[in-house]
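Novice: Please see the structure below; I have some questions.
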Amino acid sequence: MNRMENLYRQIIMEHYKNPRNKGLVDDERYNKSHIRNPSCGDDVTIQTLVEGGEVKDIRHEGSGCSICCSSASVLSALLKRRPVEEAQYISTQYVNMVSGQSYDTDVELEDAEAYQGVKQFPARIKCATIAWQAFEDTLGGDDDE
Amino acid sequence: MNRMENLYRQIIMEHYKNPRNKGLVDDERYNKSHIRNPSCGDDVTIQTLVEGGEVKDIRHEGSGCSICCSSASVLSALLKRRPVEEAQYISTQYVNMVSGQSYDTDVELEDAEAYQGVKQFPARIKCATIAWQAFEDTLGGDDDE
Amino acid sequence: MDLDFDIRADFPVLDDETLVYLDTAATSLTPHRVLHKMNDYYRKYSANVHRGVYRLSHEATELYNDARRTVARLINAEEDEVVFTRGASNALNMVARMLAPYIQEGDEIITSELEHHSHFLPWQRIAKERGAKLIFVPLDQNGRIQLQAFKNVLSPRTRVVALTHVSNVMGYLTPIEKITELAHAHGAYVSVDAAQSVPHMEVDVKRIDCDFLAFSAHKMLGPTGFGILYGKRKHLDAFEPVEFGGDMVGIAEKDTLTYQKPPLKFETGTPPIAEAIGFAEAIDYLEEKGLETIREHEKRLAEYAHKALSGLEDVVIYNKDADAGIITFNLKGVHPHDVVTVLDDDNIALRAGHHCAQLVMQWLSVAATLRASFYLYNTRDDIDRLIESLKRARDFFKDAGL
Amino acid sequence: MDLDFDIRADFPVLDDETLVYLDTAATSLTPHRVLHKMNDYYRKYSANVHRGVYRLSHEATELYNDARRTVARLINAEEDEVVFTRGASNALNMVARMLAPYIQEGDEIITSELEHHSHFLPWQRIAKERGAKLIFVPLDQNGRIQLQAFKNVLSPRTRVVALTHVSNVMGYLTPIEKITELAHAHGAYVSVDAAQSVPHMEVDVKRIDCDFLAFSAHKMLGPTGFGILYGKRKHLDAFEPVEFGGDMVGIAEKDTLTYQKPPLKFETGTPPIAEAIGFAEAIDYLEEKGLETIREHEKRLAEYAHKALSGLEDVVIYNKDADAGIITFNLKGVHPHDVVTVLDDDNIALRAGHHCAQLVMQWLSVAATLRASFYLYNTRDDIDRLIESLKRARDFFKDAGL
Ligand SMILES: Cc1ncc(COP(=O)(O)O)c(C=O)c1O
Ligand SMILES: Cc1ncc(COP(=O)(O)O)c(C=O)c1O
């Protein structure tokens with residue numbers, strides 16, 4: 001596997017082409033966070049429905065590179081129907097993994113595991129984390145829009 | 001004569017201690033120019049009475065270093081009672097001399113000749129010319145205050 | 001003179017022979033000479049300017065003043081019309097601040113969708129503050145500012161015309177001389193963003209006759225943190241300073257203040273001394289090579305690149321008729337970020353993004369683009385390498401199913 | 001640790017062993033390390049920050065962001081509270097601009113006659129614009145700001161307190177922590193000019209608890225053209241940007257705009273990249289030597305100098321009880337310019353003038369003074385040389401009849 005193949009794993013490209021949970025809903029109960037990376041134009045909106053301490057639903061929308069868009073899809077599939085704390089914890093492990101910091105390898109990251117290669121491309125870490133940041137923002141409480 | 005003696009000629013120190021034509025007059029017919037060198041605080045005001053194309057009178061006032069204050073006195077003595085054009089011409093020769101540029105050595109600079117040494121002290125050229133600039137401003141026509 | 005040789009040796013970054021640097025429109029490389037000159041200041045003179053009566057300070061002041069003369073000569077301005085700033089963005093903001101008090105409710109400010117954020121947003125702000133209207137010159141189908149379109153939006157209410165000289169995305173040259181003439185006939189001020197023109201062509205402020213013009217040192221072989229605001233002397237005399245403090249003061253008292261004459265009136269605090277001195281050296285270097293020679297060189301490269309890119313399937317070029325060495329394009333179906341990562345893997349430095357010009361992105365209906373930009377140190381070989389790498393990117397993402 | 005040895009070798013300007021540099025309060029010398037670090041940027045990374053997705057740009061961005069962390073650590077701020085500016089003057093002007101909209105007619109702004117023009121004139125301006133009143137803390141008989149005098153001018157109308165931390169003429173340390181506490185209890189903002197404190201002592205913004213604080217790189221071994229504005233995060237969140245353009249933008253549309261989060265919100269355009277990186281290196285160097293060690297060193301030198309100068313007939317010292325390594329004095333009957341020329345002839349670099357602080361000159365009732373200021377690279381030998389040269393000046397002008 002060369003450097004490019006290591007970054008653009010099949011699973012990533014698959015999520016990019018066929019994103020899960022895509023499209024926002026018009027529902028006041030959702031928390032929404034919209035982040036634009038002004039340096040490159042990556043633009044992600046995450047909507048989260050939290051009820052009874054659980055992440056009931058995650059929706060996303062946006063435009064950007066394959067790493068950014070796919071990771072929103074991967075995130076939604078991975079964290080939906082998790083307790084808020086667990087979702088938060090997994091998200092932190094993911095962000096640590098792609099930014100080359102130590103993380104809890106016992107956590108099952110499933111498809112998100114494919115972003116391992118990102119840490120070799122420091123310029124792309126932002127792309128791989130922006131959706132996750134937006135997700136964490138939606139847990140923060142207030143709707144920021 | 002060492003470098004300091006070459007700069008601070010006796011004649012200069014003499015004008016510094018006993019300035020000629022010092023003190024402003026309250027007379028509307030005089031043109032006035034006030035210059036402060038903000039870098040060092042040298043502060044000179046020159047008043048000139050021009051009538052019939054002649055510099056009838058020059059007065060000065062201010063505070064500053066010996067080079068600056070003495071040169072206002074020297075100027076007033078040298079240029080009083082000269083035709084405007086001649087005064088202007090002499091002033092230009094003086095400024096050229098102290099700034100190390102070529103000048104008309106046929107012009108009789110009298111006491112002002114003593115400022116020859118200034119060109120060896122580029123940091124002091126401003127001190128030696130500020131009164132002369134103010135003088136030239138008074139010939140420029142409009143009163144600038 | 002041809003520039004295709006030896007020049008690279010002047011640029012330390014290019015010691016890495018595998019590097020292809022195609023991002024000059026963002027910032028240029030810096031030649032040894034400029035670094036040496038700045039080091040000299042720090043090593044020999046290191047002293048503040050204007051204020052010291054001792055030798056070191058005087059020598060620093062001389063070099064610093066020489067730098068202003070060099071800049072004035074470059075753009076055919078008078079020395080006292082050259083204000084040292086932190087960069088083009090800073091300079092363009094100053095213009096907006098200086099003119100703000102003269103803008104009335106209902107006045108019109110003409111600008112364009114080609115503007116860099118640094119020339120459009122200050123006016124968006126002033127328009128809001130003063131109740132004025134921002135008017136955009138409609139671009140033609142290629143994205144150009146045409147004189148006729150400008151005439152159509154010019155009105156007796158036009159107070160300011162704020163336009164870019166060369167667009168940093170489309171590489172188009174604005175017909176700024178004629179625009180200025182018309183604007184002045186309507187009593188409007190003209191502010192020109194020359195960040196992408198002065199580094200690449202001979203610019204003459206007297207011929208343009210604009211009221212203000214701005215550019216940055218770091219885009220023309222000079223240091224970061226430095227730029228120029230040109231302003232007509234009569235304006236610099238008339239307008240209020242933007243900042244207040246050391247060096248711009250004549251006489252300061254508790255409740256009164258007189259200003260220094262321009263340009264000092266607009267330069268508060270210890271100036272960017274090393275930067276000014278370094279920038280003058282960059283200008284000397286560019287003038288030795290010849291700005292027109294450099295422009296020819298870039299033109300030839302751009303033609304070569306256009307041809308090569310057009311021959312590549314799946315490439316969309318957005319500015320086929322650019323006047324400057326800037327090519328803005330995309331690889332169909334692949335996000336520019338993804339492309340750039342492959343190029344970077346081949347050690348090719350290229351920009352992907354909106355290039356601080358979101359309005360023109362909206363006009364082009366794209367989120368982001370690739371942009372290659374050329375300067376005197378680029379070669380045909382650089383372009384060949386770019387093409388090869390783009391092919392690799394295309395094939396790679398095709399294989400990945402895009 | 002004693003600093004009296006070897007340090008000089010770190011400073012290229014001091015390769016001239018006959019030079020005595022006593023003008024650090026105007027600008028400091030720059031060590032080799034800082035130059036190397038800046039050269040490294042230009043030689044290896046030279047690329048714009050934030051915007052590039054390729055390797056060079058990313059490496060430049062990392063170094064640049066590290067610089068912000070270094071500054072934050074130095075003054076115990078959070079990273080996002082550190083705004084990069086052109087210098088202290090620029091930073092202090094920004095504070096005034098940011099606070100201006102919150103100042104109402106009749107509000108009071110407390111400042112002092114000790115202020116540098118760059119901290120007093122922006123407020124003079126804002127006071128005029130907004131119809132507010134400038135109030136000067138009366139100085140005590142030595143020229144100090146005493147807490148009691150501050151209390152006397154503090155009022156429910158006080159909106160802003162703008163004071164220097166250490167005076168660049170008198171070298172006095174303002175009791176800024178207590179002042180800030182009182183000011184906050186009255187609902188006033190506190191802006192601190194730390195241009196002469198941060199280079200010479202440990203400054204902790206959390207302990208001071210001020211709202212804003214500014215200083216310059218070039219006075220602490222760093223490059224020209226660079227400085228810092230510290231602002232409390234809540235203020236940086238709440239206040240409007242001062243300049244508009246590239247890099248401070250979130251989403252820009254024809255008539256709307258969102259901002260980046262602080263500090264980017266206050267940094268428009270390509271930043272002073274090399275300068276930031278160089279400044280971080282200067283801070284590392286200073287921290288290795290130890291700011292408290294440096295302060296002790298300066299204190300010892302100042303004591304030595306005070307003693308020596310007091311022993312010299314015809315010398316008037318204006319700040320006998322200075323807290324910092326700054327001595328302001330005159331030779332009776334001789335204009336400071338004339339003195340400086342003799343010193344310069346002996347290769348001693350010393351400042352004569354009003355030091356951009358005309359108000360304190362008026363307070364002292366002098367037109368100008370001499371000022372010697374010390375830093376880590378100064379030695380007792382420097383002071384001995386100064387004394388010798390002052391004697392020569394005195395004798396010379398006595399002979400000349402003054
Ligand atoms: C106390 C004080 N404040 C502000 C400044 C202004 O700093 P700068 O000239 O670097 O903007 C200075 C230095 O000149 C200073 O000594
Ligand atoms: C056309 C144009 N204007 C203005 C700027 C702003 O220049 P700077 O970032 O140096 O302030 C740039 C560069 O980014 C530009 O390309």
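In the structure tokens, chains take letters A, B, ... by order of appearance, with residues numbered from 1 within each chain and ligands from 1 in the order shown.
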Show me, as a VMD selection string, the residues that have an atom within 10 Å of stretch 11-17 of chain B when counting only C-alpha atoms, minus same-chain residues fewer than 6 positions from it.

Specialist: (chain B and resid 65 to 74 111 to 115) or (chain D and resid 397 400 to 402)

Novice: Residues of chain B within 12 Å of chain C, counting only C-alpha atoms - could you list those as an MDAnalysis selection string?

Specialist: chainID B and resid 34:43 65 120:127 145

Novice: Selected residues, N, CA and C atoms, written as a PDB file, in the first residue's frame, please.

Specialist:
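Saved result, part-v2.pdb, follows:
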ATOM      1  N   HIS B  34       7.450  77.958  12.447  1.00  0.00           N
ATOM      2  CA  HIS B  34       7.828  77.258  13.678  1.00  0.00           C
ATOM      3  C   HIS B  34       8.061  75.795  13.338  1.00  0.00           C
ATOM      4  N   ILE B  35       9.248  75.308  13.603  1.00  0.00           N
ATOM      5  CA  ILE B  35       9.539  73.897  13.338  1.00  0.00           C
ATOM      6  C   ILE B  35      10.000  73.222  14.615  1.00  0.00           C
ATOM      7  N   ARG B  36       9.409  72.080  14.886  1.00  0.00           N
ATOM      8  CA  ARG B  36       9.959  71.273  15.965  1.00  0.00           C
ATOM      9  C   ARG B  36      10.440  69.959  15.377  1.00  0.00           C
ATOM     10  N   ASN B  37      11.630  69.605  15.746  1.00  0.00           N
ATOM     11  CA  ASN B  37      12.145  68.309  15.350  1.00  0.00           C
ATOM     12  C   ASN B  37      11.645  67.309  16.379  1.00  0.00           C
ATOM     13  N   PRO B  38      10.662  66.522  15.991  1.00  0.00           N
ATOM     14  CA  PRO B  38      10.028  65.689  17.015  1.00  0.00           C
ATOM     15  C   PRO B  38      10.948  64.603  17.529  1.00  0.00           C
ATOM     16  N   SER B  39      12.013  64.313  16.809  1.00  0.00           N
ATOM     17  CA  SER B  39      12.878  63.246  17.283  1.00  0.00           C
ATOM     18  C   SER B  39      13.684  63.693  18.477  1.00  0.00           C
ATOM     19  N   CYS B  40      13.943  65.001  18.596  1.00  0.00           N
ATOM     20  CA  CYS B  40      14.865  65.391  19.652  1.00  0.00           C
ATOM     21  C   CYS B  40      14.363  66.573  20.452  1.00  0.00           C
ATOM     22  N   GLY B  41      13.296  67.222  19.951  1.00  0.00           N
ATOM     23  CA  GLY B  41      12.781  68.341  20.697  1.00  0.00           C
ATOM     24  C   GLY B  41      13.373  69.695  20.309  1.00  0.00           C
ATOM     25  N   ASP B  42      14.324  69.736  19.379  1.00  0.00           N
ATOM     26  CA  ASP B  42      14.785  71.046  18.904  1.00  0.00           C
ATOM     27  C   ASP B  42      13.574  71.814  18.403  1.00  0.00           C
ATOM     28  N   ASP B  43      13.532  73.067  18.757  1.00  0.00           N
ATOM     29  CA  ASP B  43      12.318  73.831  18.517  1.00  0.00           C
ATOM     30  C   ASP B  43      12.732  75.239  18.096  1.00  0.00           C
ATOM     31  N   CYS B  65      19.789  72.385  20.935  1.00  0.00           N
ATOM     32  CA  CYS B  65      21.212  72.183  21.178  1.00  0.00           C
ATOM     33  C   CYS B  65      22.007  73.373  20.666  1.00  0.00           C
ATOM     34  N   GLN B 120      30.675  65.863   8.980  1.00  0.00           N
ATOM     35  CA  GLN B 120      31.291  64.656   9.552  1.00  0.00           C
ATOM     36  C   GLN B 120      30.371  63.989  10.583  1.00  0.00           C
ATOM     37  N   PHE B 121      29.280  64.657  10.920  1.00  0.00           N
ATOM     38  CA  PHE B 121      28.361  64.157  11.956  1.00  0.00           C
ATOM     39  C   PHE B 121      26.950  64.079  11.382  1.00  0.00           C
ATOM     40  N   PRO B 122      26.736  63.094  10.547  1.00  0.00           N
ATOM     41  CA  PRO B 122      25.448  63.048   9.838  1.00  0.00           C
ATOM     42  C   PRO B 122      24.252  63.137  10.770  1.00  0.00           C
ATOM     43  N   ALA B 123      24.411  62.618  11.987  1.00  0.00           N
ATOM     44  CA  ALA B 123      23.275  62.642  12.902  1.00  0.00           C
ATOM     45  C   ALA B 123      22.936  64.070  13.330  1.00  0.00           C
ATOM     46  N   ARG B 124      23.865  65.019  13.084  1.00  0.00           N
ATOM     47  CA  ARG B 124      23.616  66.397  13.517  1.00  0.00           C
ATOM     48  C   ARG B 124      23.237  67.339  12.379  1.00  0.00           C
ATOM     49  N   ILE B 125      23.187  66.831  11.169  1.00  0.00           N
ATOM     50  CA  ILE B 125      22.859  67.712  10.036  1.00  0.00           C
ATOM     51  C   ILE B 125      21.498  68.368  10.250  1.00  0.00           C
ATOM     52  N   LYS B 126      20.577  67.588  10.777  1.00  0.00           N
ATOM     53  CA  LYS B 126      19.241  68.128  11.022  1.00  0.00           C
ATOM     54  C   LYS B 126      19.310  69.325  11.969  1.00  0.00           C
ATOM     55  N   CYS B 127      20.126  69.195  13.017  1.00  0.00           N
ATOM     56  CA  CYS B 127      20.255  70.297  13.976  1.00  0.00           C
ATOM     57  C   CYS B 127      20.749  71.566  13.289  1.00  0.00           C
ATOM     58  N   GLU B 145       1.364  79.523  10.486  1.00  0.00           N
ATOM     59  CA  GLU B 145       0.751  79.313  11.819  1.00  0.00           C
ATOM     60  C   GLU B 145      -0.561  80.077  11.956  1.00  0.00           C
TER      61      GLU B 145
END

Novice: Please return, as a VMD selection string, all residues of stretch 26-124 of chain B that DSSP assigns to strand (DSSP E) on the basis of the backbone.

Specialist: chain B and resid 31 to 36 43 to 51 54 to 63 82 to 83

Novice: Write the residues of the selection above to a file with C-alpha atoms, as a compact mmCIF listing (two decimals), in the first residue's frame.

Specialist:
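Result file is out_35.txt:
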# COMPACT_ATOMS: atom_id res chain seq x y z
CA ASN B 31 6.16 85.89 8.25
CA LYS B 32 6.62 83.23 10.86
CA SER B 33 7.61 79.60 10.72
CA HIS B 34 7.83 77.26 13.68
CA ILE B 35 9.54 73.90 13.34
CA ARG B 36 9.96 71.27 15.97
CA ASP B 43 12.32 73.83 18.52
CA VAL B 44 12.88 76.91 16.36
CA THR B 45 10.72 79.81 15.32
CA ILE B 46 11.93 82.21 12.66
CA GLN B 47 10.27 85.51 11.84
CA THR B 48 11.11 87.35 8.67
CA LEU B 49 10.15 90.78 7.46
CA VAL B 50 10.28 91.02 3.69
CA GLU B 51 9.70 94.36 2.02
CA GLU B 54 14.51 92.51 0.59
CA VAL B 55 14.80 90.61 3.84
CA LYS B 56 14.52 93.60 6.16
CA ASP B 57 14.63 91.71 9.42
CA ILE B 58 15.03 88.23 10.86
CA ARG B 59 14.11 87.28 14.42
CA HIS B 60 14.38 83.90 16.06
CA GLU B 61 13.40 82.10 19.23
CA GLY B 62 13.50 78.55 20.43
CA SER B 63 15.27 75.93 22.39
CA ARG B 82 19.84 90.81 1.66
CA PRO B 83 17.66 90.67 -1.41

Novice: How would you report the residues lying within 6 Å of ligand 2, as JSON, numbers by chain, if you count only C-alpha atoms and all ligand atoms?

Specialist: {"C": [26, 87, 88, 89, 116, 118, 167, 168, 193, 195, 196, 216], "D": [269, 270]}

Novice: Taking N, CA and C atoms for each residue, export the selection above as a PDB file, in the first residue's frame.

Specialist:
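Result file follows (part.pdb):
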ATOM      1  N   ALA C  26       0.172  33.334  -3.234  1.00  0.00           N
ATOM      2  CA  ALA C  26      -0.042  33.396  -1.780  1.00  0.00           C
ATOM      3  C   ALA C  26       1.147  34.086  -1.128  1.00  0.00           C
ATOM      4  N   GLY C  87       1.191  45.340   5.687  1.00  0.00           N
ATOM      5  CA  GLY C  87       0.916  44.530   4.511  1.00  0.00           C
ATOM      6  C   GLY C  87      -0.220  45.140   3.733  1.00  0.00           C
ATOM      7  N   ALA C  88      -0.564  44.511   2.613  1.00  0.00           N
ATOM      8  CA  ALA C  88      -1.627  45.050   1.765  1.00  0.00           C
ATOM      9  C   ALA C  88      -2.948  45.136   2.523  1.00  0.00           C
ATOM     10  N   SER C  89      -3.278  44.103   3.277  1.00  0.00           N
ATOM     11  CA  SER C  89      -4.559  44.107   3.990  1.00  0.00           C
ATOM     12  C   SER C  89      -4.638  45.297   4.937  1.00  0.00           C
ATOM     13  N   HIS C 116     -10.268  40.427  -3.431  1.00  0.00           N
ATOM     14  CA  HIS C 116      -9.772  39.714  -2.263  1.00  0.00           C
ATOM     15  C   HIS C 116     -10.559  40.221  -1.050  1.00  0.00           C
ATOM     16  N   SER C 118      -9.663  41.288   1.575  1.00  0.00           N
ATOM     17  CA  SER C 118      -9.051  42.456   2.206  1.00  0.00           C
ATOM     18  C   SER C 118      -9.391  43.764   1.500  1.00  0.00           C
ATOM     19  N   SER C 167      -6.669  40.275 -10.462  1.00  0.00           N
ATOM     20  CA  SER C 167      -7.380  39.353  -9.568  1.00  0.00           C
ATOM     21  C   SER C 167      -6.480  38.190  -9.178  1.00  0.00           C
ATOM     22  N   ASN C 168      -6.503  37.849  -7.880  1.00  0.00           N
ATOM     23  CA  ASN C 168      -5.625  36.763  -7.415  1.00  0.00           C
ATOM     24  C   ASN C 168      -6.194  35.389  -7.745  1.00  0.00           C
ATOM     25  N   ASP C 193      -6.171  47.725  -5.382  1.00  0.00           N
ATOM     26  CA  ASP C 193      -5.460  46.623  -4.735  1.00  0.00           C
ATOM     27  C   ASP C 193      -4.453  46.070  -5.743  1.00  0.00           C
ATOM     28  N   ALA C 195      -1.821  44.112  -5.018  1.00  0.00           N
ATOM     29  CA  ALA C 195      -1.034  43.031  -4.409  1.00  0.00           C
ATOM     30  C   ALA C 195      -0.561  42.018  -5.448  1.00  0.00           C
ATOM     31  N   GLN C 196      -1.344  41.848  -6.516  1.00  0.00           N
ATOM     32  CA  GLN C 196      -0.950  40.875  -7.537  1.00  0.00           C
ATOM     33  C   GLN C 196      -0.410  41.541  -8.794  1.00  0.00           C
ATOM     34  N   SER C 216       1.916  44.136  -0.973  1.00  0.00           N
ATOM     35  CA  SER C 216       2.652  43.483   0.117  1.00  0.00           C
ATOM     36  C   SER C 216       4.058  43.091  -0.321  1.00  0.00           C
TER      37      SER C 216
ATOM     38  N   GLY D 269      -5.093  39.506   7.073  1.00  0.00           N
ATOM     39  CA  GLY D 269      -4.045  39.446   6.053  1.00  0.00           C
ATOM     40  C   GLY D 269      -2.936  38.491   6.425  1.00  0.00           C
ATOM     41  N   THR D 270      -2.026  38.311   5.500  1.00  0.00           N
ATOM     42  CA  THR D 270      -0.880  37.453   5.750  1.00  0.00           C
ATOM     43  C   THR D 270      -0.130  37.985   6.956  1.00  0.00           C
TER      44      THR D 270
END

Novice: What residues have any atom no more than 10 Å from ligand 1 when counting only C-alpha atoms and all ligand atoms, and can you list them as a ChimeraX atom specification?

Specialist: /C:48,51,245-247,267-272 /D:24-27,85-93,114-120,163-169,171,192-197,214-219,224-228,355-357
